[in-house]
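Heads up, model.cif below (mmCIF, C-alpha atoms):
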data_final
#
loop_
_atom_site.label_atom_id
_atom_site.label_comp_id
_atom_site.auth_asym_id
_atom_site.auth_seq_id
_atom_site.Cartn_x
_atom_site.Cartn_y
_atom_site.Cartn_z
CA MET N 1 148.64 8.61 -30.97
CA ALA N 2 151.53 10.95 -30.20
CA THR N 3 153.86 8.61 -32.05
CA ARG N 4 151.45 8.52 -34.99
CA LEU N 5 151.22 12.30 -35.15
CA PHE N 6 154.98 12.47 -34.97
CA SER N 7 155.48 9.99 -37.79
CA ILE N 8 152.92 11.84 -39.93
CA PHE N 9 154.92 15.04 -39.47
CA LEU N 10 158.19 13.34 -40.25
CA GLY N 11 156.57 11.93 -43.37
CA CYS N 12 155.35 15.37 -44.43
CA GLY N 13 158.79 16.82 -43.74
CA ALA N 14 160.48 14.17 -45.83
CA LEU N 15 157.97 14.71 -48.66
CA LEU N 16 158.44 18.47 -48.67
CA GLY N 17 162.21 18.03 -48.49
CA ALA N 18 162.12 15.71 -51.47
CA LEU N 19 159.86 18.07 -53.41
CA SER N 20 162.07 21.07 -52.74
CA ALA N 21 165.12 19.10 -53.80
CA ALA N 22 163.51 17.88 -57.03
CA PRO N 23 164.07 21.05 -59.15
CA ALA N 24 167.71 21.16 -58.05
CA LEU N 25 168.27 17.65 -59.33
CA ALA N 26 166.56 18.44 -62.60
CA GLN N 27 168.77 21.48 -63.05
CA SER N 28 172.09 19.79 -62.39
CA ASN N 29 172.31 18.38 -65.94
CA ASP N 30 172.04 21.86 -67.45
CA THR N 31 174.74 23.12 -65.12
CA LEU N 32 177.06 20.33 -66.19
CA ALA N 33 176.46 21.10 -69.84
CA SER N 34 177.58 24.73 -69.54
CA PRO N 35 179.41 25.29 -66.26
CA ASP N 36 179.16 29.09 -66.45
CA VAL N 37 175.39 29.15 -66.12
CA VAL N 38 174.34 29.50 -62.54
CA SER N 39 170.68 29.30 -61.73
CA ASP N 40 168.35 29.81 -58.85
CA SER N 41 168.39 26.13 -57.97
CA ASP N 42 172.11 26.25 -57.08
CA ILE N 43 171.17 28.35 -54.06
CA ASN N 44 169.66 27.08 -50.81
CA HIS N 45 166.05 28.12 -50.51
CA ASN N 46 165.00 28.13 -46.88
CA ASN N 47 161.24 28.33 -47.23
CA ILE N 48 160.19 25.39 -45.07
CA GLU N 49 160.10 25.77 -41.30
CA PHE N 50 159.99 22.82 -38.96
CA GLY N 51 159.52 23.34 -35.24
CA ALA N 52 158.77 21.67 -31.93
CA PHE N 53 156.79 23.41 -29.19
CA VAL N 54 155.81 23.10 -25.54
CA GLY N 55 153.33 25.20 -23.60
CA GLN N 56 150.12 25.32 -21.63
CA VAL N 57 146.58 24.75 -22.85
CA SER N 58 143.41 25.60 -21.00
CA ILE N 59 140.72 23.11 -22.01
CA GLU N 60 137.37 24.72 -21.26
CA ASP N 61 135.70 23.11 -18.19
CA PHE N 62 138.54 20.60 -17.91
CA SER N 63 141.31 22.53 -16.21
CA SER N 64 144.66 23.17 -17.93
CA GLY N 65 147.74 21.16 -18.70
CA ALA N 66 150.96 20.92 -20.66
CA VAL N 67 150.70 20.77 -24.45
CA TYR N 68 153.45 19.82 -26.87
CA GLY N 69 153.73 19.07 -30.56
CA LEU N 70 155.24 19.79 -33.95
CA THR N 71 154.77 22.48 -36.58
CA LEU N 72 155.53 22.44 -40.29
CA SER N 73 155.25 25.69 -42.28
CA TYR N 74 155.80 26.67 -45.88
CA HIS N 75 156.63 30.32 -46.48
CA ILE N 76 155.28 31.39 -49.86
CA THR N 77 156.11 35.08 -49.85
CA GLU N 78 157.77 37.35 -47.29
CA ASN N 79 154.27 37.74 -45.77
CA LEU N 80 152.15 34.68 -46.57
CA TYR N 81 152.66 31.19 -45.21
CA LEU N 82 150.84 27.90 -44.77
CA GLU N 83 151.15 25.90 -41.61
CA ALA N 84 150.26 22.46 -40.28
CA GLN N 85 150.42 21.83 -36.57
CA GLY N 86 149.75 18.79 -34.42
CA GLY N 87 149.72 18.67 -30.65
CA VAL N 88 148.84 16.56 -27.63
CA ALA N 89 147.78 17.42 -24.09
CA GLU N 90 145.94 15.83 -21.21
CA ALA N 91 142.81 17.34 -19.72
CA GLY N 92 142.31 17.58 -15.96
CA GLU N 93 139.12 17.35 -13.95
CA THR N 94 136.15 19.70 -14.03
CA SER N 95 135.40 21.77 -10.93
CA PHE N 96 132.29 19.63 -10.48
CA GLU N 97 134.32 16.42 -10.37
CA VAL N 98 136.77 17.90 -7.86
CA LEU N 99 134.11 19.38 -5.54
CA SER N 100 131.58 16.55 -5.60
CA GLY N 101 134.17 13.78 -5.43
CA GLY N 102 131.68 11.67 -7.38
CA ALA N 103 131.96 9.61 -10.54
CA PRO N 104 134.31 11.07 -13.17
CA LEU N 105 132.74 12.47 -16.37
CA LEU N 106 135.43 10.98 -18.59
CA THR N 107 137.71 7.96 -18.52
CA GLU N 108 141.49 8.44 -18.51
CA ASP N 109 141.71 7.73 -22.27
CA GLU N 110 138.96 10.23 -23.03
CA ARG N 111 140.97 12.95 -21.27
CA ASP N 112 143.64 12.77 -23.98
CA TYR N 113 143.43 15.94 -26.03
CA GLN N 114 144.97 15.62 -29.49
CA TYR N 115 144.61 17.94 -32.43
CA TYR N 116 145.81 19.07 -35.82
CA ASP N 117 145.33 22.44 -37.51
CA LEU N 118 145.87 23.60 -41.07
CA ALA N 119 146.26 27.35 -41.24
CA VAL N 120 147.14 30.25 -43.47
CA GLY N 121 149.02 33.12 -41.89
CA TYR N 122 150.37 36.58 -42.51
CA ASN N 123 153.76 37.86 -41.29
CA LEU N 124 154.36 41.45 -40.28
CA ASN N 125 158.12 41.78 -40.53
CA GLY N 126 160.22 43.71 -38.07
CA GLU N 127 163.42 43.92 -36.10
CA ILE N 128 164.27 43.84 -32.44
CA PHE N 129 167.25 45.75 -31.04
CA PHE N 130 168.77 44.09 -27.98
CA THR N 131 171.83 46.33 -27.85
CA ASP N 132 173.33 48.92 -30.22
CA GLY N 133 175.12 46.20 -32.13
CA THR N 134 172.80 43.22 -31.68
CA THR N 135 169.67 43.08 -33.79
CA PHE N 136 167.45 40.19 -34.74
CA ASN N 137 164.87 39.97 -37.50
CA THR N 138 161.39 39.21 -36.20
CA ASP N 139 157.86 38.53 -37.41
CA PHE N 140 154.60 39.26 -35.71
CA TYR N 141 152.04 37.01 -37.35
CA VAL N 142 148.33 36.31 -37.36
CA GLN N 143 146.75 33.15 -38.68
CA ILE N 144 143.42 31.46 -39.21
CA GLY N 145 142.83 27.79 -39.77
CA GLY N 146 140.69 24.74 -39.32
CA GLY N 147 141.34 21.33 -37.97
CA SER N 148 140.20 18.52 -35.78
CA THR N 149 140.31 17.94 -32.04
CA ASP N 150 140.16 14.46 -30.61
CA PHE N 151 138.78 14.84 -27.09
CA ALA N 152 136.33 12.90 -24.91
CA GLY N 153 136.16 10.09 -27.43
CA ASP N 154 135.16 12.19 -30.44
CA ASN N 155 136.80 14.20 -33.19
CA ARG N 156 135.40 17.70 -33.45
CA PHE N 157 135.79 20.25 -36.20
CA THR N 158 137.83 23.11 -34.79
CA LEU N 159 138.32 26.71 -35.81
CA SER N 160 141.75 27.97 -34.92
CA LEU N 161 142.70 31.64 -34.47
CA GLY N 162 146.26 32.44 -33.62
CA THR N 163 148.90 35.06 -33.30
CA GLY N 164 152.57 34.91 -32.47
CA TYR N 165 156.01 36.40 -32.49
CA ARG N 166 159.06 34.88 -34.15
CA VAL N 167 162.63 35.94 -33.40
CA LEU N 168 165.19 34.73 -35.94
CA LEU N 169 168.35 34.01 -33.94
CA THR N 170 170.12 33.23 -37.22
CA ASP N 171 168.77 33.01 -40.78
CA ARG N 172 167.94 29.37 -40.12
CA ILE N 173 167.00 29.09 -36.45
CA ALA N 174 164.08 30.83 -34.77
CA LEU N 175 162.27 31.03 -31.46
CA ARG N 176 158.49 31.44 -31.54
CA LEU N 177 155.92 32.44 -28.96
CA ASP N 178 152.41 31.46 -30.06
CA VAL N 179 148.97 32.16 -28.65
CA ARG N 180 146.10 30.27 -30.19
CA ASP N 181 142.38 29.98 -29.52
CA ARG N 182 140.93 26.69 -30.74
CA ILE N 183 137.14 26.79 -30.86
CA PHE N 184 134.98 23.68 -31.11
CA SER N 185 131.45 22.77 -30.26
CA THR N 186 130.69 20.18 -27.60
CA GLU N 187 127.79 18.90 -25.47
CA LEU N 188 129.97 17.37 -22.73
CA THR N 189 128.52 19.45 -19.91
CA GLY N 190 124.91 18.86 -20.93
CA GLU N 191 124.11 21.54 -23.49
CA GLN N 192 125.68 22.19 -26.88
CA LYS N 193 128.10 25.10 -26.69
CA ASP N 194 131.20 26.50 -28.37
CA THR N 195 134.25 26.03 -26.18
CA HIS N 196 137.33 28.25 -26.36
CA ASN N 197 140.54 26.41 -25.68
CA LEU N 198 143.38 28.83 -25.31
CA GLN N 199 146.98 27.78 -25.50
CA TYR N 200 150.29 29.54 -25.39
CA THR N 201 153.40 27.78 -26.53
CA LEU N 202 157.11 28.38 -26.99
CA ALA N 203 158.73 26.77 -30.03
CA ALA N 204 162.17 26.33 -31.52
CA SER N 205 162.18 26.03 -35.28
CA VAL N 206 164.60 25.57 -38.13
CA PHE N 207 164.31 26.75 -41.75
CA PHE N 208 165.49 24.47 -44.52
CA MET M 1 163.09 13.86 -28.18
CA LYS M 2 166.51 12.54 -29.26
CA LEU M 3 164.92 11.48 -32.52
CA ILE M 4 163.64 15.04 -33.15
CA LEU M 5 167.08 16.50 -32.44
CA ALA M 6 168.71 13.97 -34.75
CA CYS M 7 166.25 14.85 -37.53
CA LEU M 8 166.91 18.58 -37.08
CA LEU M 9 170.67 18.01 -37.22
CA ILE M 10 170.34 15.96 -40.40
CA LEU M 11 168.15 18.64 -41.99
CA LEU M 12 170.60 21.39 -41.02
CA SER M 13 173.65 19.54 -42.29
CA ALA M 14 171.96 18.38 -45.50
CA THR M 15 171.11 21.90 -46.60
CA ALA M 16 174.16 23.76 -45.32
CA LEU M 17 176.58 22.23 -47.80
CA ALA M 18 175.82 24.18 -50.99
CA ALA M 19 178.67 26.56 -51.84
CA PRO M 20 177.92 30.27 -52.30
CA VAL M 21 177.40 31.39 -55.90
CA SER M 22 179.51 34.25 -57.21
CA VAL M 23 177.86 36.84 -59.50
CA THR M 24 178.65 40.28 -60.92
CA VAL M 25 176.29 43.26 -60.71
CA VAL M 26 175.42 44.86 -64.08
CA GLU M 27 172.71 47.29 -63.00
CA PRO M 28 173.90 50.75 -61.82
CA TYR M 29 173.09 49.64 -58.27
CA ALA M 30 170.88 47.38 -56.16
CA ASP M 31 169.53 48.03 -52.67
CA VAL M 32 170.63 45.79 -49.83
CA HIS M 33 168.10 45.34 -47.01
CA THR M 34 168.74 44.19 -43.44
CA GLY M 35 166.18 41.38 -43.76
CA PRO M 36 164.30 39.29 -46.33
CA ALA M 37 161.30 41.62 -46.90
CA SER M 38 160.71 45.00 -48.51
CA GLU M 39 159.82 46.46 -45.08
CA TYR M 40 163.38 46.05 -43.81
CA PRO M 41 165.53 49.19 -44.10
CA VAL M 42 168.07 49.64 -46.89
CA PHE M 43 171.53 49.94 -45.28
CA HIS M 44 173.85 49.41 -48.25
CA ALA M 45 173.93 49.43 -52.05
CA ILE M 46 175.89 47.18 -54.37
CA GLU M 47 177.33 48.84 -57.47
CA LYS M 48 177.81 48.03 -61.11
CA GLY M 49 180.82 45.79 -61.68
CA GLU M 50 180.93 44.60 -58.05
CA ARG M 51 181.46 40.89 -57.45
CA ILE M 52 179.09 39.45 -54.81
CA SER M 53 178.36 36.00 -53.36
CA VAL M 54 174.79 34.73 -53.11
CA LEU M 55 174.57 32.69 -49.91
CA ALA M 56 170.95 31.64 -49.49
CA ALA M 57 167.36 32.49 -50.33
CA HIS M 58 164.17 32.99 -48.38
CA THR M 59 160.92 33.35 -50.36
CA GLY M 60 161.65 36.07 -52.97
CA TRP M 61 164.83 37.36 -51.28
CA TYR M 62 168.51 36.49 -51.61
CA LYS M 63 171.18 36.83 -48.95
CA ILE M 64 174.36 38.27 -50.45
CA GLU M 65 177.85 39.03 -49.21
CA THR M 66 180.04 41.70 -50.75
CA ALA M 67 183.80 41.36 -51.25
CA ARG M 68 184.24 43.49 -48.11
CA GLY M 69 182.18 41.04 -46.05
CA ILE M 70 178.94 43.03 -45.77
CA GLN M 71 175.92 40.73 -45.64
CA GLY M 72 172.34 41.69 -46.50
CA TRP M 73 169.27 40.81 -48.52
CA VAL M 74 168.44 41.72 -52.15
CA SER M 75 165.07 41.11 -53.79
CA ALA M 76 164.75 38.55 -56.58
CA SER M 77 163.68 41.19 -59.09
CA GLU M 78 166.83 43.26 -58.50
CA LEU M 79 169.15 40.28 -58.39
CA SER M 80 167.76 38.82 -61.62
CA ARG M 81 169.55 41.61 -63.47
CA THR M 82 172.99 40.57 -62.24
CA ILE M 83 175.19 38.37 -64.41
CA VAL M 84 177.74 35.65 -63.89
CA SER M 85 179.94 36.25 -66.92
CA GLN M 86 179.67 38.26 -70.13
CA ASP M 87 177.04 36.07 -71.77
CA ASN M 88 175.31 34.19 -68.99
CA THR M 89 172.62 35.79 -66.89
CA PHE M 90 171.86 34.57 -63.42
CA VAL M 91 168.61 32.75 -63.96
CA ILE M 92 165.95 33.33 -61.32
CA ALA M 93 162.95 31.12 -61.84
CA GLU M 94 160.21 33.38 -60.53
CA ALA M 95 157.09 31.25 -60.70
CA ASP M 96 154.47 32.66 -63.07
CA PHE M 97 151.51 31.47 -65.14
CA ASP M 98 153.86 29.76 -67.63
CA SER M 99 155.58 27.73 -64.95
CA PHE M 100 152.15 26.97 -63.48
CA GLN M 101 151.20 25.31 -66.75
CA GLU M 102 154.41 23.27 -66.69
CA ARG M 103 154.06 22.21 -63.05
CA ARG M 104 154.79 18.59 -62.11
CA PHE M 105 153.58 18.31 -58.52
CA GLU M 106 150.87 20.09 -56.63
CA VAL M 107 149.76 19.96 -52.98
CA THR M 108 146.25 21.18 -52.13
CA VAL M 109 144.55 21.96 -48.83
CA SER M 110 140.76 22.34 -49.03
CA ALA M 111 137.88 23.16 -46.73
CA GLY M 112 134.22 22.59 -47.50
CA ARG M 113 131.00 20.79 -46.75
CA LEU M 114 130.34 17.07 -47.06
CA GLU M 115 126.56 16.76 -46.81
CA ASN M 116 125.87 18.79 -43.63
CA THR M 117 129.27 18.54 -42.00
CA ASN M 118 132.50 20.55 -42.13
CA ALA M 119 135.20 18.77 -44.09
CA LEU M 120 138.94 19.31 -44.47
CA SER M 121 141.00 17.70 -47.22
CA VAL M 122 144.66 17.39 -48.17
CA SER M 123 145.72 16.03 -51.54
CA ALA M 124 148.82 15.66 -53.69
CA ALA M 125 148.77 15.53 -57.48
CA TRP M 126 151.25 14.47 -60.13
CA MET M 127 150.74 16.04 -63.56
CA MET M 128 151.30 13.21 -66.02
CA THR M 129 150.64 15.46 -69.02
CA ALA M 130 149.41 19.05 -69.37
CA ASN M 131 145.85 17.66 -69.40
CA ILE M 132 145.88 14.63 -67.15
CA ALA M 133 146.81 14.46 -63.48
CA ALA M 134 146.81 11.64 -60.93
CA GLU M 135 145.81 12.74 -57.47
CA ALA M 136 145.55 11.10 -54.06
CA GLY M 137 143.78 12.72 -51.15
CA VAL M 138 142.40 12.25 -47.68
CA SER M 139 139.44 14.06 -46.11
CA GLN M 140 138.02 14.28 -42.64
CA ALA M 141 134.39 15.37 -42.15
CA LEU M 142 133.22 16.01 -38.60
CA GLY M 143 129.50 16.17 -37.82
CA ASP M 144 127.35 16.11 -34.71
CA PHE M 145 126.51 12.43 -35.13
CA SER M 146 129.46 10.89 -36.89
CA GLU M 147 132.99 11.31 -38.11
CA ASN M 148 133.80 10.40 -41.72
CA ARG M 149 137.30 9.72 -42.99
CA LEU M 150 137.77 9.37 -46.72
CA TRP M 151 140.67 8.48 -48.94
CA LEU M 152 140.40 8.69 -52.71
CA VAL M 153 142.68 8.33 -55.73
CA ARG M 154 141.49 10.06 -58.87
CA LEU M 155 142.34 10.91 -62.43
CA GLN M 156 141.72 14.50 -63.32
CA HIS M 157 141.30 15.81 -66.86
CA THR M 158 141.81 19.50 -67.66
CA PRO M 159 140.67 20.14 -71.25
CA PHE M 160 141.99 23.73 -71.45
CA PRO M 161 145.12 24.00 -69.28
CA ASP M 162 146.13 27.34 -70.84
CA TRP M 163 143.01 29.15 -69.58
CA ARG M 164 143.47 31.39 -66.55
CA VAL M 165 140.24 29.95 -65.10
CA SER M 166 140.40 26.36 -66.20
CA PRO M 167 137.64 23.78 -65.74
CA TYR M 168 138.36 20.14 -65.00
CA TRP M 169 136.55 16.93 -64.23
CA SER M 170 137.61 13.84 -62.34
CA LEU M 171 136.87 10.20 -61.70
CA GLY M 172 138.02 8.47 -58.57
CA ALA M 173 137.74 5.57 -56.17
CA GLY M 174 138.55 5.01 -52.53
CA GLN M 175 137.00 4.25 -49.18
CA ILE M 176 134.95 5.99 -46.53
CA GLN M 177 135.08 5.12 -42.84
CA THR M 178 132.14 6.32 -40.76
CA THR M 179 132.49 6.37 -36.98
CA PRO M 180 129.47 7.41 -34.90
CA THR M 181 130.05 9.87 -32.05
CA ALA M 182 130.61 8.53 -28.53
CA THR M 183 126.99 9.11 -27.44
CA LEU M 184 125.73 7.03 -30.37
CA VAL M 185 128.28 4.29 -29.73
CA GLN M 186 126.74 3.86 -26.27
CA SER M 187 123.39 3.20 -27.98
CA GLY M 188 124.86 0.46 -30.16
CA ALA M 189 125.95 2.14 -33.41
CA GLU M 190 129.13 0.76 -34.97
CA SER M 191 131.94 2.04 -37.13
CA ARG M 192 131.77 0.92 -40.78
CA THR M 193 133.94 1.13 -43.89
CA ASN M 194 132.58 1.26 -47.43
CA ASP M 195 134.07 1.52 -50.89
CA LEU M 196 133.57 4.86 -52.55
CA LEU M 197 133.31 6.12 -56.13
CA GLU M 198 133.70 9.73 -57.15
CA VAL M 199 132.65 11.93 -60.05
CA GLY M 200 133.72 15.54 -59.78
CA ILE M 201 133.82 18.81 -61.63
CA GLY M 202 135.64 21.96 -60.74
CA ALA M 203 137.57 25.00 -61.87
CA ARG M 204 141.09 26.13 -61.11
CA LEU M 205 142.25 29.75 -60.95
CA TYR M 206 145.93 30.71 -61.08
CA LEU M 207 146.61 33.36 -58.41
CA VAL M 208 150.23 34.37 -57.94
CA LYS M 209 153.70 32.79 -57.77
CA GLN M 210 153.24 29.10 -56.90
CA PHE M 211 149.65 29.60 -55.80
CA SER M 212 146.36 28.61 -57.33
CA MET M 213 142.91 28.03 -55.95
CA ARG M 214 140.15 25.69 -56.97
CA LEU M 215 136.46 25.23 -56.37
CA GLU M 216 135.03 21.79 -56.87
CA TYR M 217 131.93 19.69 -56.47
CA ARG M 218 132.18 15.94 -56.03
CA ARG M 219 129.40 13.43 -56.09
CA LEU M 220 130.41 10.47 -53.96
CA THR M 221 128.72 7.10 -54.08
CA ALA M 222 129.29 4.80 -51.11
CA LEU M 223 128.81 1.12 -51.95
CA THR M 224 126.94 -0.02 -48.84
CA GLU M 225 125.71 -3.50 -48.00
CA ARG M 226 122.16 -2.20 -47.82
CA ASP M 227 119.86 -2.16 -50.85
CA ASP M 228 120.34 1.57 -51.41
CA LEU M 229 123.57 3.20 -52.40
CA GLU M 230 124.49 6.20 -50.30
CA GLU M 231 125.01 9.40 -52.31
CA LEU M 232 127.06 12.20 -50.77
CA ASN M 233 127.58 15.75 -52.02
CA HIS M 234 130.94 17.32 -51.35
CA TRP M 235 131.68 21.00 -52.06
CA GLN M 236 135.11 22.39 -51.38
CA LEU M 237 137.36 25.37 -51.89
CA GLY M 238 141.07 24.63 -52.00
CA PHE M 239 144.43 26.38 -52.17
CA SER M 240 147.25 24.73 -54.05
CA VAL M 241 151.00 25.16 -54.12
CA PHE M 242 152.92 23.71 -57.05
CA PHE M 243 156.53 22.63 -57.32
#
Please rewrite the model in this file as structure tokens.
Amino acid sequence: MATRLFSIFLGCGALLGALSAAPALAQSNDTLASPDVVSDSDINHNNIEFGAFVGQVSIEDFSSGAVYGLTLSYHITENLYLEAQGGVAEAGETSFEVLSGGAPLLTEDERDYQYYDLAVGYNLNGEIFFTDGTTFNTDFYVQIGGGSTDFAGDNRFTLSLGTGYRVLLTDRIALRLDVRDRIFSTELTGEQKDTHNLQYTLAASVFF
Amino acid sequence: MKLILACLLILLSATALAAPVSVTVVEPYADVHTGPASEYPVFHAIEKGERISVLAAHTGWYKIETARGIQGWVSASELSRTIVSQDNTFVIAEADFDSFQERRFEVTVSAGRLENTNALSVSAAWMMTANIAAEAGVSQALGDFSENRLWLVRLQHTPFPDWRVSPYWSLGAGQIQTTPTATLVQSGAESRTNDLLEVGIGARLYLVKQFSMRLEYRRLTALTERDDLEELNHWQLGFSVFF
């Protein structure tokens, strides 16, 4: 499943790359015809961000564990962006399972926690001053999205609320700290309830 | 992990090759910001007659370097008034309603309701003419009792593409895969796949830059092996980006 998620992301990345390159190709004929005309498409537009993250997720009732995955974002304006994210984690045991020592609630396969989110976000731009001469551009961002969580043998519709902080080390390379609450409804512990699954992750991303 | 690093390196190298573009400022001056957003402070100004290099762009902002090596960001609207030589302006293709009508590709993300479940969809469209588009999409609808995955290809006809709010209708075909939830599987229910036909109507609204939104209703007919056909209602609201 992790490999499948990964290949889906690579596919998306390749598609977006091809799409962003398409206008440049179309323009090159015009440029050849009159070499003095320079247009927008001769300049690199770095609006797509691709990142990999690792972190911790707390799966409600099922302990916490490492989470990792990939993120693909498209920055539309200096503030607005769209983002797709996929991640995998493994759930632990409930307190009940640990204390009673009895039969496990879930099989090993059912403890795999896999998800994707599609979100829209808003950047609040800023700067951080490390020293007098060293400054980095930053974004504090909030986002809301929806997606699916594959856990305990079922896919569940998931609401995703997130916030984060991005530090641009260069114009192209960034570090991101994300906090995200992924909310889905489940009846695993007997009654139907909304579970809050909080995760915090650290990501490295590149703009292209 | 090595594969990810290799991909990142390829992406970096593939886009880092374009040479900077040299332009001359014709406006009295233009503000240079420390970052690619209007919130960043102005720390420099470029003057009329000055020769600058345009290095890169991020959303509506351009990174420039002056002859003296000062680097900063200038907004697209200010830079669009610079020129390359006496007769040739530096063309900045700011997306607007006109370019929306001439779009070739569009990617849409939608959320909505399929019968009584939440559904998410992603689709990509190719505009064959101003009126006719071919679109392929996948949807996932997650309910309490089952999970539905749909894929559909459709032809979409927009009779009045020059309207700001423009109606369209579509015909499509695909498949639907229904998987019962784990508790139902234990009681014997099985996953099944059926062919699917679609008739849809909707309206598209151009918002800003490369953005538009659309509201649509689709009537889906699943061709089941039972005597009755299964009719599904799908409402969704989507946001599109065009290229």
Written as an mmCIF file with C-alpha atoms, in the frame of the given file, what is the full residue list that the PyMOL selection byres ((chain N and resi 72-86) around 7) yields on the file shown?
data_model
loop_
_atom_site.group_PDB
_atom_site.id
_atom_site.type_symbol
_atom_site.label_atom_id
_atom_site.label_comp_id
_atom_site.auth_asym_id
_atom_site.auth_seq_id
_atom_site.Cartn_x
_atom_site.Cartn_y
_atom_site.Cartn_z
ATOM 1 C CA LEU N 5 151.220 12.300 -35.150
ATOM 2 C CA ASN N 47 161.240 28.330 -47.230
ATOM 3 C CA ILE N 48 160.190 25.390 -45.070
ATOM 4 C CA GLU N 49 160.100 25.770 -41.300
ATOM 5 C CA PHE N 50 159.990 22.820 -38.960
ATOM 6 C CA GLY N 51 159.520 23.340 -35.240
ATOM 7 C CA GLY N 69 153.730 19.070 -30.560
ATOM 8 C CA LEU N 70 155.240 19.790 -33.950
ATOM 9 C CA THR N 71 154.770 22.480 -36.580
ATOM 10 C CA GLY N 87 149.720 18.670 -30.650
ATOM 11 C CA TYR N 115 144.610 17.940 -32.430
ATOM 12 C CA TYR N 116 145.810 19.070 -35.820
ATOM 13 C CA ASP N 117 145.330 22.440 -37.510
ATOM 14 C CA LEU N 118 145.870 23.600 -41.070
ATOM 15 C CA ALA N 119 146.260 27.350 -41.240
ATOM 16 C CA VAL N 120 147.140 30.250 -43.470
ATOM 17 C CA GLY N 121 149.020 33.120 -41.890
ATOM 18 C CA TYR N 122 150.370 36.580 -42.510
ATOM 19 C CA ASN N 123 153.760 37.860 -41.290
ATOM 20 C CA LEU N 124 154.360 41.450 -40.280
ATOM 21 C CA PRO M 36 164.300 39.290 -46.330
ATOM 22 C CA ALA M 37 161.300 41.620 -46.900
ATOM 23 C CA THR M 59 160.920 33.350 -50.360
ATOM 24 C CA GLY M 60 161.650 36.070 -52.970
#
query: Residues picked by the PyMOL selection byres ((chain M and resi 174) around 10) here, as a PyMOL selection string?
result: chain M and resi 136-138+150-154+172-173+175-176+194-198+220+222
- prompt: For Arg176 in chain N, which residue out of N:Ala203, N:Ile43, N:Ala152, N:Leu161 is the nearest one, using only C-alpha atoms?
  reply: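 Of N:Ala203, N:Ile43, N:Ala152, N:Leu161, the one nearest Arg176 in chain N, counting only C-alpha atoms, is N:Ala203.
Closest approach to Asp98 in chain M among M:Gly143, M:Gly35, M:Gly200, M:Pro161 is made by M:Pro161 (distances from only C-alpha atoms).
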query: Which residues, written as a PyMOL selection string, have at least one atom at most 12 Å from Val208 in chain M, with only C-alpha atoms counted and residues fewer than 5 positions away on the same chain left out?
result: (chain N and resi 76-77+80) or (chain M and resi 94-100+164+213+239-242)
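With all atoms listed in the file as the basis for measurement, N:Val206 is the residue among N:Leu198, N:Leu105, N:Val206, N:Ala89 that approaches chain M most closely.
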field: Counting only C-alpha atoms, the option among N:Thr107, N:Asn137, N:Ser160, N:Thr195 closest to chain M
entry: N:Asn137
For range 58-62 of chain N, list every protein, DNA or RNA residue within 8 Å, evaluated using only C-alpha atoms, and leave out those in the same chain fewer than 4 positions away; present the list as a CSV table (one decimal) with C-alpha atoms, in the coordinates of the input.
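File produced: selection25.csv:
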chain,number,residue,atom,x,y,z
N,91,ALA,CA,142.8,17.3,-19.7
N,92,GLY,CA,142.3,17.6,-16.0
N,93,GLU,CA,139.1,17.4,-14.0
N,94,THR,CA,136.2,19.7,-14.0
N,95,SER,CA,135.4,21.8,-10.9
N,195,THR,CA,134.2,26.0,-26.2
N,196,HIS,CA,137.3,28.2,-26.4
N,197,ASN,CA,140.5,26.4,-25.7
N,198,LEU,CA,143.4,28.8,-25.3
N,199,GLN,CA,147.0,27.8,-25.5
Straight-line distance linking CA of Glu106 in chain M with CA of Thr158 in chain M, stated in Å to one decimal: 14.3 Å
task: Just give me the gap between CA of Phe157 in chain N and CA of Leu120 in chain M in Å, one decimal is fine.
output: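 Distance reported for this atom pair: 8.9 Å.
For the pair CA of Ser212 in chain M and CA of His234 in chain M, the separation is 20.0 Å.
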- request: Considering only C-alpha atoms, state which residue in the set N:Gly55, N:Pro104, N:Gly133, N:Gly162 is at the smallest distance from Gly146 in chain N.
  value: N:Gly162
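The shortest atom-to-atom distance to Ile173 in chain N, with all atoms listed in the file taken into account, belongs to N:Asn46 out of N:Asn46, N:Gln192, N:Phe96, N:Leu159.
Contact shell of Glu127 in chain N at 12 Å (only C-alpha atoms; same-chain neighbours under 4 positions omitted): N:Thr134, N:Thr135, N:Phe136, N:Asn137, N:Thr138, N:Asp139, N:Phe140, N:Tyr165, N:Arg166, N:Val167, N:Leu168, N:Leu169, M:His33, M:Thr34, M:Gly35, M:Pro36, M:Ala37, M:Glu39, M:Tyr40, M:Pro41.
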task: Can you turn the PyMOL selection byres ((chain M and resi 191) around 7) into a concrete residue list for this file, as number ranges by chain?
output: M: 178-180, 190, 192
- request: Identify the residues within 8 Å of coordinate (135.8, 18.4, -60.7) (same frame as the file), considering only C-alpha atoms, and give the answer as a VMD selection string.
  value: chain M and resid 156 167 to 170 199 to 203 216 to 218
